[in-house]
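Text of work.txt, listed as compact mmCIF, C-alpha atoms:
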# COMPACT_ATOMS: atom_id res chain seq x y z
CA MET A 694 -86.15 -67.36 126.68
CA PRO A 695 -84.77 -65.42 129.68
CA GLU A 696 -82.87 -62.19 129.02
CA GLU A 697 -79.55 -63.83 129.92
CA GLY A 698 -80.25 -66.60 127.40
CA LEU A 699 -81.08 -64.07 124.72
CA ALA A 700 -77.79 -62.25 125.30
CA GLU A 701 -75.86 -65.55 125.11
CA ALA A 702 -77.62 -66.81 121.97
CA PHE A 703 -77.59 -63.56 119.99
CA GLY A 704 -74.49 -61.46 119.45
CA VAL A 705 -76.41 -58.18 119.33
CA THR A 706 -79.36 -57.35 121.59
CA GLU A 707 -81.51 -54.25 121.95
CA LYS A 708 -84.05 -53.23 124.56
CA ALA A 709 -87.35 -51.85 123.24
CA ARG A 710 -88.37 -49.67 126.19
CA ALA A 711 -92.02 -49.05 126.99
CA LYS A 712 -93.05 -45.55 125.86
CA ILE A 713 -95.02 -43.61 128.47
CA ASN A 714 -97.14 -40.60 127.51
CA LEU A 715 -96.95 -38.43 130.61
CA ALA A 716 -99.17 -35.97 128.72
CA LEU A 717 -101.01 -36.15 125.40
CA HIS A 718 -102.86 -33.09 124.12
CA VAL A 719 -104.85 -33.33 120.87
CA THR A 720 -104.47 -29.90 119.29
CA GLY A 721 -105.91 -30.32 115.79
CA GLN A 722 -106.37 -32.52 112.74
CA ARG A 723 -104.71 -32.33 109.33
CA ALA A 724 -106.58 -32.56 106.03
CA ASP A 725 -105.25 -36.10 105.56
CA GLY A 726 -106.90 -37.20 108.82
CA TYR A 727 -103.81 -37.36 111.00
CA HIS A 728 -104.30 -35.77 114.41
CA LEU A 729 -101.93 -33.11 115.68
CA LEU A 730 -100.56 -33.83 119.14
CA ASP A 731 -98.43 -32.30 121.86
CA MET A 732 -96.86 -35.05 123.97
CA LEU A 733 -94.53 -35.26 126.93
CA VAL A 734 -92.96 -38.69 126.64
CA THR A 735 -90.60 -40.75 128.75
CA PHE A 736 -89.42 -44.36 128.57
CA ALA A 737 -89.51 -47.11 131.17
CA ASP A 738 -86.84 -49.57 132.18
CA CYS A 739 -89.15 -52.45 131.25
CA GLY A 740 -89.92 -53.44 127.69
CA ASP A 741 -89.46 -55.99 124.95
CA ARG A 742 -86.05 -57.38 124.01
CA LEU A 743 -84.69 -58.19 120.56
CA GLY A 744 -81.74 -60.33 119.50
CA PHE A 745 -79.94 -60.24 116.14
CA LEU A 746 -77.68 -62.91 114.64
CA PRO A 747 -76.17 -63.51 111.16
CA ALA A 748 -77.98 -66.36 109.41
CA GLN A 749 -78.00 -68.28 106.13
CA ALA A 750 -81.53 -67.03 105.48
CA ASP A 751 -83.76 -64.46 107.14
CA ALA A 752 -85.62 -65.84 110.17
CA PHE A 753 -87.93 -64.42 112.81
CA THR A 754 -88.81 -66.08 116.12
CA LEU A 755 -90.81 -65.09 119.20
CA SER A 756 -90.86 -65.76 122.92
CA GLY A 757 -92.07 -64.00 126.06
CA PRO A 758 -95.44 -63.82 127.81
CA PHE A 759 -97.12 -62.09 124.84
CA GLY A 760 -95.19 -63.78 122.04
CA GLU A 761 -97.92 -66.30 121.26
CA THR A 762 -100.53 -63.55 121.05
CA LEU A 763 -98.38 -61.59 118.63
CA ALA A 764 -97.79 -64.63 116.43
CA GLY A 765 -101.51 -65.32 116.39
CA ASP A 766 -102.59 -61.89 115.21
CA GLY A 767 -99.95 -61.36 112.55
CA GLY A 768 -98.56 -58.38 114.43
CA THR A 769 -94.93 -59.17 113.64
CA ASN A 770 -95.00 -57.04 110.49
CA LEU A 771 -93.51 -53.89 112.01
CA VAL A 772 -90.25 -55.62 112.95
CA LEU A 773 -90.01 -57.22 109.52
CA ARG A 774 -90.93 -53.97 107.79
CA ALA A 775 -88.16 -52.20 109.71
CA ARG A 776 -85.68 -54.89 108.62
CA ASP A 777 -86.76 -54.69 104.97
CA LEU A 778 -86.84 -50.89 104.85
CA LEU A 779 -83.35 -50.60 106.33
CA ARG A 780 -82.01 -53.27 103.98
CA GLU A 781 -83.55 -51.47 101.01
CA THR A 782 -81.79 -48.28 102.12
CA LEU A 783 -78.39 -49.89 102.75
CA GLY A 784 -78.43 -52.12 99.68
CA ALA A 785 -76.06 -55.00 98.97
CA LEU A 786 -73.91 -54.37 102.06
CA THR A 787 -76.33 -56.33 104.29
CA PHE A 788 -76.67 -60.07 104.92
CA PRO A 789 -79.45 -62.41 106.13
CA VAL A 790 -80.35 -62.15 109.78
CA HIS A 791 -82.20 -64.10 112.45
CA ILE A 792 -84.26 -61.71 114.59
CA HIS A 793 -85.73 -62.90 117.87
CA LEU A 794 -88.36 -60.84 119.66
CA GLN A 795 -88.95 -61.43 123.35
CA LYS A 796 -92.44 -59.93 123.71
CA ASN A 797 -92.81 -58.79 127.32
CA LEU A 798 -95.30 -55.94 126.81
CA PRO A 799 -99.03 -56.36 126.15
CA ILE A 800 -100.15 -55.94 122.54
CA ALA A 801 -101.78 -52.65 121.43
CA SER A 802 -101.61 -51.26 124.95
CA GLY A 803 -100.70 -47.58 124.49
CA ILE A 804 -97.06 -47.94 125.55
CA GLY A 805 -95.49 -48.16 122.11
CA GLY A 806 -94.66 -51.87 122.02
CA GLY A 807 -94.71 -52.34 118.24
CA SER A 808 -93.13 -48.95 117.56
CA ALA A 809 -90.40 -49.60 120.14
CA ASP A 810 -89.75 -53.00 118.54
CA ALA A 811 -89.38 -51.37 115.11
CA ALA A 812 -87.00 -48.74 116.48
CA ALA A 813 -84.93 -51.40 118.27
CA THR A 814 -84.78 -53.35 115.01
CA LEU A 815 -83.30 -50.32 113.23
CA ARG A 816 -80.74 -49.81 116.01
CA GLY A 817 -79.83 -53.49 116.29
CA LEU A 818 -79.44 -54.13 112.58
CA MET A 819 -77.28 -51.04 112.15
CA ARG A 820 -74.95 -52.53 114.76
CA LEU A 821 -75.06 -56.06 113.35
CA TRP A 822 -74.48 -54.93 109.79
CA GLY A 823 -71.78 -52.47 110.90
CA MET A 824 -73.47 -49.59 109.13
CA ASP A 825 -74.10 -45.97 109.92
CA LEU A 826 -76.64 -43.51 108.57
CA PRO A 827 -77.07 -39.79 109.14
CA VAL A 828 -79.45 -39.03 112.02
CA GLU A 829 -81.88 -37.32 109.64
CA THR A 830 -81.98 -40.33 107.29
CA LEU A 831 -82.62 -42.77 110.13
CA ALA A 832 -85.36 -40.52 111.55
CA SER A 833 -86.99 -40.38 108.10
CA LEU A 834 -86.95 -44.18 107.88
CA ALA A 835 -88.47 -44.41 111.35
CA LEU A 836 -91.31 -42.06 110.43
CA LYS A 837 -92.16 -44.24 107.42
CA LEU A 838 -92.77 -47.08 109.86
CA GLY A 839 -95.14 -45.09 112.07
CA ALA A 840 -95.59 -41.79 113.86
CA ASP A 841 -94.34 -43.20 117.19
CA VAL A 842 -91.20 -44.86 115.82
CA PRO A 843 -88.99 -41.71 115.73
CA MET A 844 -89.73 -41.16 119.43
CA CYS A 845 -88.89 -44.77 120.23
CA LEU A 846 -85.69 -44.46 118.22
CA GLU A 847 -84.65 -41.76 120.70
CA SER A 848 -85.88 -43.72 123.78
CA ARG A 849 -85.23 -40.79 126.11
CA PRO A 850 -87.45 -38.06 127.63
CA LEU A 851 -88.78 -35.74 124.94
CA ILE A 852 -91.57 -33.50 123.75
CA ALA A 853 -93.10 -34.54 120.42
CA ARG A 854 -95.39 -32.36 118.35
CA GLY A 855 -97.15 -32.55 115.01
CA ILE A 856 -97.97 -36.20 114.35
CA GLY A 857 -94.94 -37.09 116.47
CA GLU A 858 -92.16 -36.14 114.07
CA ARG A 859 -91.13 -32.82 115.68
CA ILE A 860 -89.01 -33.96 118.60
CA GLU A 861 -87.29 -31.94 121.29
CA ALA A 862 -85.18 -33.61 123.99
CA VAL A 863 -86.02 -32.87 127.63
CA PRO A 864 -82.75 -33.44 129.50
CA GLU A 865 -84.17 -31.94 132.71
CA LEU A 866 -86.89 -34.58 133.17
CA PRO A 867 -86.08 -36.75 136.21
CA ALA A 868 -86.61 -40.49 136.59
CA PHE A 869 -89.87 -41.61 138.21
CA ALA A 870 -90.83 -44.70 140.19
CA MET A 871 -93.89 -46.01 138.39
CA VAL A 872 -96.46 -48.79 138.23
CA LEU A 873 -97.93 -49.80 134.88
CA ALA A 874 -101.24 -51.65 134.78
CA ASN A 875 -103.27 -52.94 131.85
CA PRO A 876 -106.50 -54.98 131.99
CA LEU A 877 -105.43 -56.92 128.87
CA LYS A 878 -108.36 -55.57 126.89
CA GLY A 879 -107.68 -54.02 123.51
CA VAL A 880 -108.68 -50.44 122.72
CA SER A 881 -109.38 -49.34 119.16
CA THR A 882 -107.27 -46.21 118.58
CA PRO A 883 -109.44 -45.01 115.65
CA GLU A 884 -112.55 -45.42 117.80
CA VAL A 885 -110.96 -43.47 120.66
CA PHE A 886 -110.16 -40.59 118.32
CA ARG A 887 -113.63 -40.79 116.78
CA ARG A 888 -115.19 -40.30 120.21
CA LEU A 889 -113.12 -37.23 121.02
CA PRO A 890 -115.55 -34.39 121.80
CA ALA A 891 -113.06 -31.79 120.48
CA LYS A 892 -110.02 -31.97 118.21
CA ASN A 893 -108.66 -28.46 118.88
CA ASN A 894 -107.70 -28.55 122.53
CA PRO A 895 -105.19 -26.30 124.35
CA ALA A 896 -101.56 -27.08 123.59
CA LEU A 897 -99.07 -28.47 126.09
CA ASN A 898 -97.58 -25.46 127.83
CA LEU A 899 -94.75 -26.30 130.21
CA ALA A 900 -93.26 -23.50 132.25
CA PRO A 901 -89.67 -22.65 131.28
CA GLY A 902 -86.91 -23.65 133.65
CA LEU A 903 -88.70 -26.60 135.25
CA SER A 904 -86.41 -28.46 137.63
CA GLY A 905 -86.55 -31.05 140.37
CA THR A 906 -89.00 -33.88 140.84
CA SER A 907 -91.61 -31.77 142.65
CA GLY A 908 -91.60 -29.11 139.92
CA TRP A 909 -92.06 -31.69 137.20
CA LEU A 910 -94.77 -33.52 139.13
CA THR A 911 -96.72 -30.26 139.41
CA ALA A 912 -96.34 -29.66 135.67
CA ILE A 913 -97.36 -33.21 134.75
CA GLY A 914 -100.31 -33.04 137.14
CA SER A 915 -101.61 -29.93 135.39
CA ALA A 916 -101.35 -31.59 131.96
CA ARG A 917 -103.73 -34.25 130.63
CA ASN A 918 -104.37 -37.08 128.19
CA ASP A 919 -107.23 -36.01 125.93
CA LEU A 920 -107.77 -39.63 124.86
CA GLU A 921 -108.44 -40.94 128.35
CA ALA A 922 -112.12 -39.97 128.65
CA PRO A 923 -113.20 -41.60 125.35
CA ALA A 924 -111.05 -44.66 126.11
CA ARG A 925 -112.81 -45.05 129.47
CA GLU A 926 -116.12 -45.24 127.61
CA LEU A 927 -114.79 -48.23 125.68
CA VAL A 928 -112.91 -49.94 128.53
CA PRO A 929 -114.36 -49.08 131.97
CA GLU A 930 -111.45 -50.92 133.64
CA ILE A 931 -109.28 -47.89 132.84
CA ALA A 932 -111.14 -45.90 135.50
CA MET A 933 -110.81 -48.86 137.89
CA ILE A 934 -107.05 -48.99 137.40
CA SER A 935 -106.73 -45.27 138.12
CA GLN A 936 -108.75 -45.63 141.33
CA MET A 937 -106.71 -48.63 142.45
CA LEU A 938 -103.41 -46.84 141.83
CA GLN A 939 -104.63 -43.81 143.76
CA ALA A 940 -105.70 -46.06 146.62
CA GLN A 941 -102.13 -47.39 146.76
CA GLY A 942 -100.73 -43.87 147.14
CA ALA A 943 -99.88 -42.85 143.58
CA LEU A 944 -98.96 -39.16 143.30
CA ILE A 945 -100.29 -38.94 139.74
CA THR A 946 -102.31 -41.44 137.70
CA ARG A 947 -103.02 -41.22 133.98
CA MET A 948 -103.62 -43.36 130.92
CA SER A 949 -100.75 -43.66 128.43
CA GLY A 950 -101.35 -43.15 124.72
CA SER A 951 -104.71 -44.43 123.51
CA GLY A 952 -104.82 -47.02 126.30
CA ALA A 953 -105.53 -49.17 128.00
CA THR A 954 -102.29 -49.07 130.02
CA CYS A 955 -102.35 -46.61 132.92
CA PHE A 956 -99.45 -45.47 135.07
CA GLY A 957 -99.11 -44.31 138.63
CA ILE A 958 -96.10 -42.31 139.80
CA PHE A 959 -94.88 -43.18 143.31
CA THR A 960 -92.48 -41.66 145.80
CA SER A 961 -89.95 -44.51 145.55
CA MET A 962 -89.32 -47.86 143.88
CA ALA A 963 -90.10 -49.57 147.19
CA ALA A 964 -93.54 -47.92 147.20
CA ALA A 965 -94.03 -48.85 143.54
CA HIS A 966 -93.17 -52.51 144.16
CA GLU A 967 -95.53 -52.62 147.14
CA ALA A 968 -98.34 -51.08 145.08
CA ALA A 969 -97.72 -53.45 142.15
CA SER A 970 -97.82 -56.43 144.50
CA ALA A 971 -101.14 -55.26 145.95
CA LEU A 972 -102.67 -54.68 142.52
CA HIS A 973 -101.47 -58.04 141.26
CA GLY A 974 -103.03 -59.66 144.31
CA GLU A 975 -106.37 -58.02 143.53
CA ARG A 976 -106.24 -58.61 139.77
CA PRO A 977 -103.84 -61.44 138.89
CA ASP A 978 -105.40 -61.54 135.41
CA TRP A 979 -104.05 -58.05 134.56
CA TYR A 980 -100.61 -56.94 133.44
CA VAL A 981 -99.03 -55.10 136.40
CA ARG A 982 -95.40 -54.00 136.53
CA ALA A 983 -93.31 -51.79 138.80
CA THR A 984 -90.66 -49.96 136.85
CA GLU A 985 -88.50 -46.85 136.78
CA THR A 986 -88.38 -44.39 133.92
CA VAL A 987 -85.13 -43.11 132.46
CA SER A 988 -83.98 -39.61 133.32
CA GLY A 989 -83.34 -36.95 130.72
CA GLY A 990 -79.66 -37.20 131.49
CA MET A 991 -79.83 -40.97 130.90
Re-express the file's structure as structure tokens.
Amino acid sequence: MPEEGLAEAFGVTEKARAKINLALHVTGQRADGYHLLDMLVTFADCGDRLGFLPAQADAFTLSGPFGETLAGDGGTNLVLRARDLLRETLGALTFPVHIHLQKNLPIASGIGGGSADAAATLRGLMRLWGMDLPVETLASLALKLGADVPMCLESRPLIARGIGERIEAVPELPAFAMVLANPLKGVSTPEVFRRLPAKNNPALNLAPGLSGTSGWLTAIGSARNDLEAPARELVPEIAMISQMLQAQGALITRMSGSGATCFGIFTSMAAAHEAASALHGERPDWYVRATETVSGGM
């Protein structure tokens, strides 16, 4: 179903933007096994799309290039869990709903697809049901669904610390022209963390007063993703993607999250589209997308 069709068929729609880890520093591990992270996060203009409509009984449907894959692996649970958790919180004031997920992002690809879908479900159902919750209550619900969901609920540039629950907005972060590429090979997040040579790495330390695209590019370039090296051991194509993006003129290349999606930042959207076209020509079997990230000022 095209986006226009989704908007026509469903009264309420929400975009689930791709979450991009510009930096991901693993700084420790809690006694319960959760890793402590420092992350600089932004969100891309591309992503999944959800539609919400009153119904006689709850229903859930899928479309999009990765919809069939999601239906096949039972990965719809996060959207349904978000619906059920919000309904449990709001009580009898809700009504049955048909949720449609247009799955445009690859599954388990390090760009927050499932978490963004859950966050969009919370936002969309609040609108459909005409309800409102305190920001703290909604953030608490999001965290119950997963460590990335509070970030995706914000869907704007931010720094997240702890397991992802300590969030600080970054209104100064500019928009970036970007190419996303994924070899459509899954990466086991637990295995990536297991292969980490060290769990207590230096924290993310951004200079105060950063401004302008060049200043931020310098800061991002000096940061890192501690999960990239172990992920490359599992999926060698990650290194290939980075090399291909660099060959197309990317200013910075890095893996997002636990992989396998990598991004390249380009000087302009024209350069990003040209690079994406070249990569797609070389590897038509991969997911490749030119996009622009949102700015901190939105």
Protein/DNA/RNA residues near (-106.6, -44.5, 132.5), cut 6 Å, only C-alpha atoms, as a list of chain:residue names: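 The distance filter leaves exactly A:Glu921, A:Ile931, A:Ala932, A:Ser935, A:Arg947, A:Met948, A:Cys955.
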Just want the 9 Å neighbourhood of Ala924 of chain A, counted on only C-alpha atoms, with same-chain residues fewer than 4 positions away dropped. Output as an mmCIF file with C-alpha atoms, in the coordinates of the input.
data_model
loop_
_atom_site.group_PDB
_atom_site.id
_atom_site.type_symbol
_atom_site.label_atom_id
_atom_site.label_comp_id
_atom_site.auth_asym_id
_atom_site.auth_seq_id
_atom_site.Cartn_x
_atom_site.Cartn_y
_atom_site.Cartn_z
ATOM 1 C CA VAL A 880 -108.680 -50.440 122.720
ATOM 2 C CA SER A 881 -109.380 -49.340 119.160
ATOM 3 C CA THR A 882 -107.270 -46.210 118.580
ATOM 4 C CA GLU A 884 -112.550 -45.420 117.800
ATOM 5 C CA VAL A 885 -110.960 -43.470 120.660
ATOM 6 C CA PHE A 886 -110.160 -40.590 118.320
ATOM 7 C CA ARG A 888 -115.190 -40.300 120.210
ATOM 8 C CA LEU A 920 -107.770 -39.630 124.860
ATOM 9 C CA VAL A 928 -112.910 -49.940 128.530
ATOM 10 C CA PRO A 929 -114.360 -49.080 131.970
ATOM 11 C CA ILE A 931 -109.280 -47.890 132.840
ATOM 12 C CA MET A 948 -103.620 -43.360 130.920
ATOM 13 C CA SER A 951 -104.710 -44.430 123.510
ATOM 14 C CA GLY A 952 -104.820 -47.020 126.300
ATOM 15 C CA ALA A 953 -105.530 -49.170 128.000
#
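Of the listed residues A:Gly855, A:Gly989, A:Pro923, A:Pro747, the one whose atoms come nearest to Leu821 of chain A is A:Pro747, with distances taken using only C-alpha atoms.
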Excluding same-chain residues fewer than 3 positions from segment 701-716 of chain A, what lies within 7 Å of it counting all atoms listed in the file, as a count of residues only? 32
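Proximity ranking of A:Pro850, A:Glu926, A:Ser907, A:Leu873 relative to Leu938 of chain A places A:Leu873 first, based on only C-alpha atoms.
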As a list of chain:residue names, please: the residues near Lys892 of chain A (cut-off 7 Å, only C-alpha atoms, same-chain neighbours under 5 positions excluded). A:Val719, A:Thr720, A:Gly721, A:Gln722
For the atom pair atom CA of Ser756 of chain A and atom CA of Leu846 of chain A, what is the interatomic distance in Å to one decimal place? 22.4 Å
Which distance in Å separates atom CA of Ile800 of chain A and atom CA of Pro843 of chain A, to one decimal?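 Atom CA of Pro843 of chain A lies 19.3 Å from atom CA of Ile800 of chain A.
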Rounded to one decimal place, report the atom CA of Leu910 of chain A-atom CA of Asn797 of chain A distance in Å.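 If I compute the distance from atom CA of Leu910 of chain A to atom CA of Asn797 of chain A, I get 28.0 Å.
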Nearest residue to Glu847 of chain A from the set A:Ala801, A:His791, A:Val987, A:Ser915 (distances using all atoms listed in the file): A:Val987
Residue contacts of Glu985 of chain A (10 Å, only C-alpha atoms) excluding same-chain residues fewer than 4 positions away, as a VMD selection string: chain A and resid 736 to 739 868 to 872 958 to 959 961 to 962 965
Please produce an output containing C-alpha atoms for each residue in the selection, written as an mmCIF file, keeping the file's coordinate frame.
data_model
loop_
_atom_site.group_PDB
_atom_site.id
_atom_site.type_symbol
_atom_site.label_atom_id
_atom_site.label_comp_id
_atom_site.auth_asym_id
_atom_site.auth_seq_id
_atom_site.Cartn_x
_atom_site.Cartn_y
_atom_site.Cartn_z
ATOM 1 C CA PHE A 736 -89.420 -44.360 128.570
ATOM 2 C CA ALA A 737 -89.510 -47.110 131.170
ATOM 3 C CA ASP A 738 -86.840 -49.570 132.180
ATOM 4 C CA CYS A 739 -89.150 -52.450 131.250
ATOM 5 C CA ALA A 868 -86.610 -40.490 136.590
ATOM 6 C CA PHE A 869 -89.870 -41.610 138.210
ATOM 7 C CA ALA A 870 -90.830 -44.700 140.190
ATOM 8 C CA MET A 871 -93.890 -46.010 138.390
ATOM 9 C CA VAL A 872 -96.460 -48.790 138.230
ATOM 10 C CA ILE A 958 -96.100 -42.310 139.800
ATOM 11 C CA PHE A 959 -94.880 -43.180 143.310
ATOM 12 C CA SER A 961 -89.950 -44.510 145.550
ATOM 13 C CA MET A 962 -89.320 -47.860 143.880
ATOM 14 C CA ALA A 965 -94.030 -48.850 143.540
#
Which of A:Ala832, A:Leu877, A:Leu771, A:Ala748 sits closest to Gly857 of chain A [using all atoms listed in the file]: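 Looking at the shortest contact to Gly857 of chain A, the residue is A:Ala832.
Distance annotation: of A:Leu783, A:Leu699, A:Ile792, A:Leu944, the residue with the minimal separation from Gly823 of chain A is A:Leu783; atom set is all atoms listed in the file.
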Which residues, written as an mmCIF file with C-alpha atoms, in the frame of the given file, have at least one atom at most 9 Å from Ser904 of chain A, with only C-alpha atoms counted and residues fewer than 2 positions away on the same chain left out?
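Everything below was put into out11.cif:
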data_model
loop_
_atom_site.group_PDB
_atom_site.id
_atom_site.type_symbol
_atom_site.label_atom_id
_atom_site.label_comp_id
_atom_site.auth_asym_id
_atom_site.auth_seq_id
_atom_site.Cartn_x
_atom_site.Cartn_y
_atom_site.Cartn_z
ATOM 1 C CA GLU A 865 -84.170 -31.940 132.710
ATOM 2 C CA LEU A 866 -86.890 -34.580 133.170
ATOM 3 C CA PRO A 867 -86.080 -36.750 136.210
ATOM 4 C CA GLY A 902 -86.910 -23.650 133.650
ATOM 5 C CA THR A 906 -89.000 -33.880 140.840
ATOM 6 C CA SER A 907 -91.610 -31.770 142.650
ATOM 7 C CA GLY A 908 -91.600 -29.110 139.920
ATOM 8 C CA TRP A 909 -92.060 -31.690 137.200
#
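With all atoms listed in the file as the atoms that count, the residue of A:Ile934, A:Lys878, A:His728, A:Lys796 with the shortest distance to Arg854 of chain A is A:His728.
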